[in-house]
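In what follows, a structure is listed as C-alpha cells, so that the remarks can point back to it.
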Amino acid sequence: MKKIGVFTSGGDAPGMNACIRAVVRTAIYNNVEVAGIIHGYNGMISGNIIPMQSRSVSNIIQRGGTILKTSRSTEFLTHEGRKKAYDNLVKHQIEGIICLGGNGTFTGAKVFHEEFGIPSIGAPCTIDNDLYGTDFTIGFDTAINTAVDAIDKIRDTAESHDRVFFIEVMGRHAGFIALASGTAGGAEVILVPDVKDDWQKMLNYFSGENKSKKAFSIVVVAEGDEEGGAYKIVEKLKTQIPDFDTRVTILGHVQRGGSPTAYDRVIASRLGNAAVEALLKGETNKMVGLLNNKSHLTTYDDAINKTKPLNSELLRLIDVFNV
C-alpha cells in the first residue's frame, strides 16, 4: 500500500487530533503517503482531500476538536454518494482509509468496502465510551474530567443553599459518562439508561430517612435515561415529593471540547499507530481498541452491534456509598 487517507466523522472527541498525528507519522515512518480528508464522508464526496506531511500535524496533540473537521453525511448514505467518494479516492490514488469515529462512521466504512473494496481500519473516537471491543474510547477520559470539574463546582452551591441539584451529562444510549463522573463526583444518585430500576431507587432514597438526614444532594442523569432528561425527571419527582428545592444543570456540548487529558493523548497515539499498522498488514473492516491495556482488533459488526456493559462494580458502589 503506497497511499492511505485519514478522516474524522460524527461527533468530535478530545484526542482526535492526537490520533490524526499518530496516523500521519506512522504512515510516513512506514514510507507510505498519507492524505487528509476534510469534513469526513462529505469531504470524500466533494474531493476535499489534501496531502499531509509530518509538519502538518505539528503542535496539535494538545488541541481539542479535529483539524480535519467533521460532519454527518446524508449523501454518503446513498449508493450514488459512495460512488462519488470512491471515484475521488481513486483520483487521489488512496488505497485504504483510517476512520476516526463511532458507530455511524464504521457502518459507512463497512458498506463502502462491500460495494467498492476500499479497505479500512477504525479508531474509536467518541466521548460516550459505548463501543464494544475497547475498554476506553478516545475522548471519554477528557469528557468525564470535564463533567467532574462541573459537578465539584455545583456541589459548592448545592451545599450553600441546601438544594438537590440534577446534573445532566451526555449519553443517549449508554450511561458510561454518568456512571464514571457521578462516582468520581460523589453523587448520591446516578440515573442511566442501562439500568431500568434506578428511578425507584431514587424515590426510595429521597423518601426514606435520607430526606431529612441529607441537607443537599447531587443527582447525575444521563440524557438518555428512560425516565427522560433531567428536567422531565425533576418535574415527575415533584409530583411525588413537592417540597424539594431542586435545580437543573445541563452540561451539554461543553463535555466534547477542551484539551485532551494525558490519558486520552496516550491512547489516541497508541490506537492511531495500531490502526495504520493493521491496515498495512492487510486487515480491514475492523476497529482497533484497547483491551486489558493491549491493542486488539474487533470486527465492525461486533463493535457496532454488540452491547458493551457498564462496570458492574461501579454500579454496586452507588448503593454501597449512599448509606
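Scheme for the C-alpha cells: letters A, B, ... for chains in order shown; per-chain residue numbers from 1; ligand numbers from 1 in order shown.
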field: Test item, helix (DSSP H, G or I) assignment across region 66-278 of chain A, answer as a VMD selection string
entry: chain A and resid 75 to 77 79 to 91 103 to 116 140 to 161 176 to 184 198 to 207 210 to 213 230 to 240 252 to 255 262 to 278
Using 10 Å as the limit and counting only C-alpha atoms, can you tabulate each residue of region 261-312 of chain A that touches region 26-39 of chain A, with its shortest atom-to-atom distance in Å and the two atoms involved, as a Markdown table?
```
| residue | atom | partner | partner_atom | distance |
| --- | --- | --- | --- | --- |
| A:Ser269 | CA | A:Thr26 | CA | 9.8 |
| A:Gly272 | CA | A:Thr26 | CA | 8.0 |
| A:Asn273 | CA | A:Thr26 | CA | 5.7 |
| A:Ala274 | CA | A:Thr26 | CA | 8.8 |
| A:Ala275 | CA | A:Thr26 | CA | 9.3 |
| A:Val276 | CA | A:Ala27 | CA | 6.6 |
| A:Glu277 | CA | A:Thr26 | CA | 7.8 |
| A:Leu280 | CA | A:Asn30 | CA | 9.0 |
```
Same residues, C-alpha atoms, output as a PDB file, in the first residue's frame:
```pdb
ATOM      1  CA  SER A 269      -1.427   7.874  19.928  1.00  0.00           C
ATOM      2  CA  GLY A 272      -3.659   5.714  15.660  1.00  0.00           C
ATOM      3  CA  ASN A 273      -0.368   3.865  15.341  1.00  0.00           C
ATOM      4  CA  ALA A 274      -2.026   0.439  15.674  1.00  0.00           C
ATOM      5  CA  ALA A 275      -4.693   1.346  13.081  1.00  0.00           C
ATOM      6  CA  VAL A 276      -2.115   2.149  10.385  1.00  0.00           C
ATOM      7  CA  GLU A 277      -0.045  -0.933  11.158  1.00  0.00           C
ATOM      8  CA  LEU A 280      -0.677  -2.135   6.171  1.00  0.00           C
TER       9      LEU A 280
END
```
task: Using only C-alpha atoms, determine which residues lie at most 9 Å from Val288 (chain A), disregarding the query and same-chain residues fewer than 6 positions distant; provide the list as a PyMOL selection string.
output: chain A and resi 121-124+133-134+271-272+274-275+278+295-299
- request: For CA of Lys83 (chain A) and CA of Gly102 (chain A), quote the distance in Å rounded to one decimal.
  value: 22.1 Å
message: For region 191-208 of chain A, find every residue with an atom within 9 Å (counting only C-alpha atoms), except residues of its own chain fewer than 6 positions away, and show them as a list in words.
response: Gly171, Arg172, His173, Ala174, Gly175, Phe176, Ala178, Leu179, Val219, Val220, Val221, Ala222, Glu223, Gly224, Asp225, Glu226, Glu227, Ile233, Leu237, Gln240, Ile241, Pro309, Leu310, Asp319 and Asn322 of chain A
With only C-alpha atoms as the counted atoms, please give the residues lying no more than 9 Å from Arg82 (chain A), apart from itself and same-chain residues fewer than 4 positions off, as a CSV table (one decimal) with C-alpha atoms, in the first residue's frame.
```
chain,number,residue,atom,x,y,z
A,41,TYR,CA,-17.5,11.5,4.2
A,44,MET,CA,-14.6,12.4,0.4
A,45,ILE,CA,-17.6,13.0,-1.9
A,75,GLU,CA,-25.3,11.8,0.8
A,76,PHE,CA,-22.9,9.1,1.8
A,77,LEU,CA,-26.0,7.0,2.8
A,78,THR,CA,-26.8,6.7,-0.9
A,86,TYR,CA,-14.8,6.1,-4.4
A,87,ASP,CA,-14.0,8.0,-7.6
A,112,PHE,CA,-18.1,1.2,1.4
A,115,GLU,CA,-19.5,-2.1,-2.5
A,116,PHE,CA,-16.2,-0.7,-3.7
```
Residue contacts of region 67-71 of chain A (12 Å, only C-alpha atoms) excluding same-chain residues fewer than 4 positions away, as a PyMOL selection string: chain A and resi 5-21+35-44+48-52+56-63+75-76+99-101+104-105+125
message: I need the residue nearest Gln255 (chain A) from this list: A:Leu279, A:Glu168, A:Thr107, A:Ile190. Use only C-alpha atoms for the distance.
response: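 Of the candidates, the smallest distance to Gln255 (chain A) is held by A:Glu168.
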query: Residues at most 9 Å from Leu131 (chain A), counting only C-alpha atoms, excluding those fewer than 5 positions away in the same chain, as a list in words?
result: Gly102, Asn103, Pro124, Thr126, Phe136, Thr137, Ala303, Ile304, Asn305, Lys306, Thr307 and Lys308 of chain A
- prompt: Which of these residues is nearest to Val169 (chain A), using only C-alpha atoms: A:Ile98, A:Ser46, A:Arg55, A:Ile151?
  reply: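 Selected residue with least distance to Val169 (chain A): A:Ile151.
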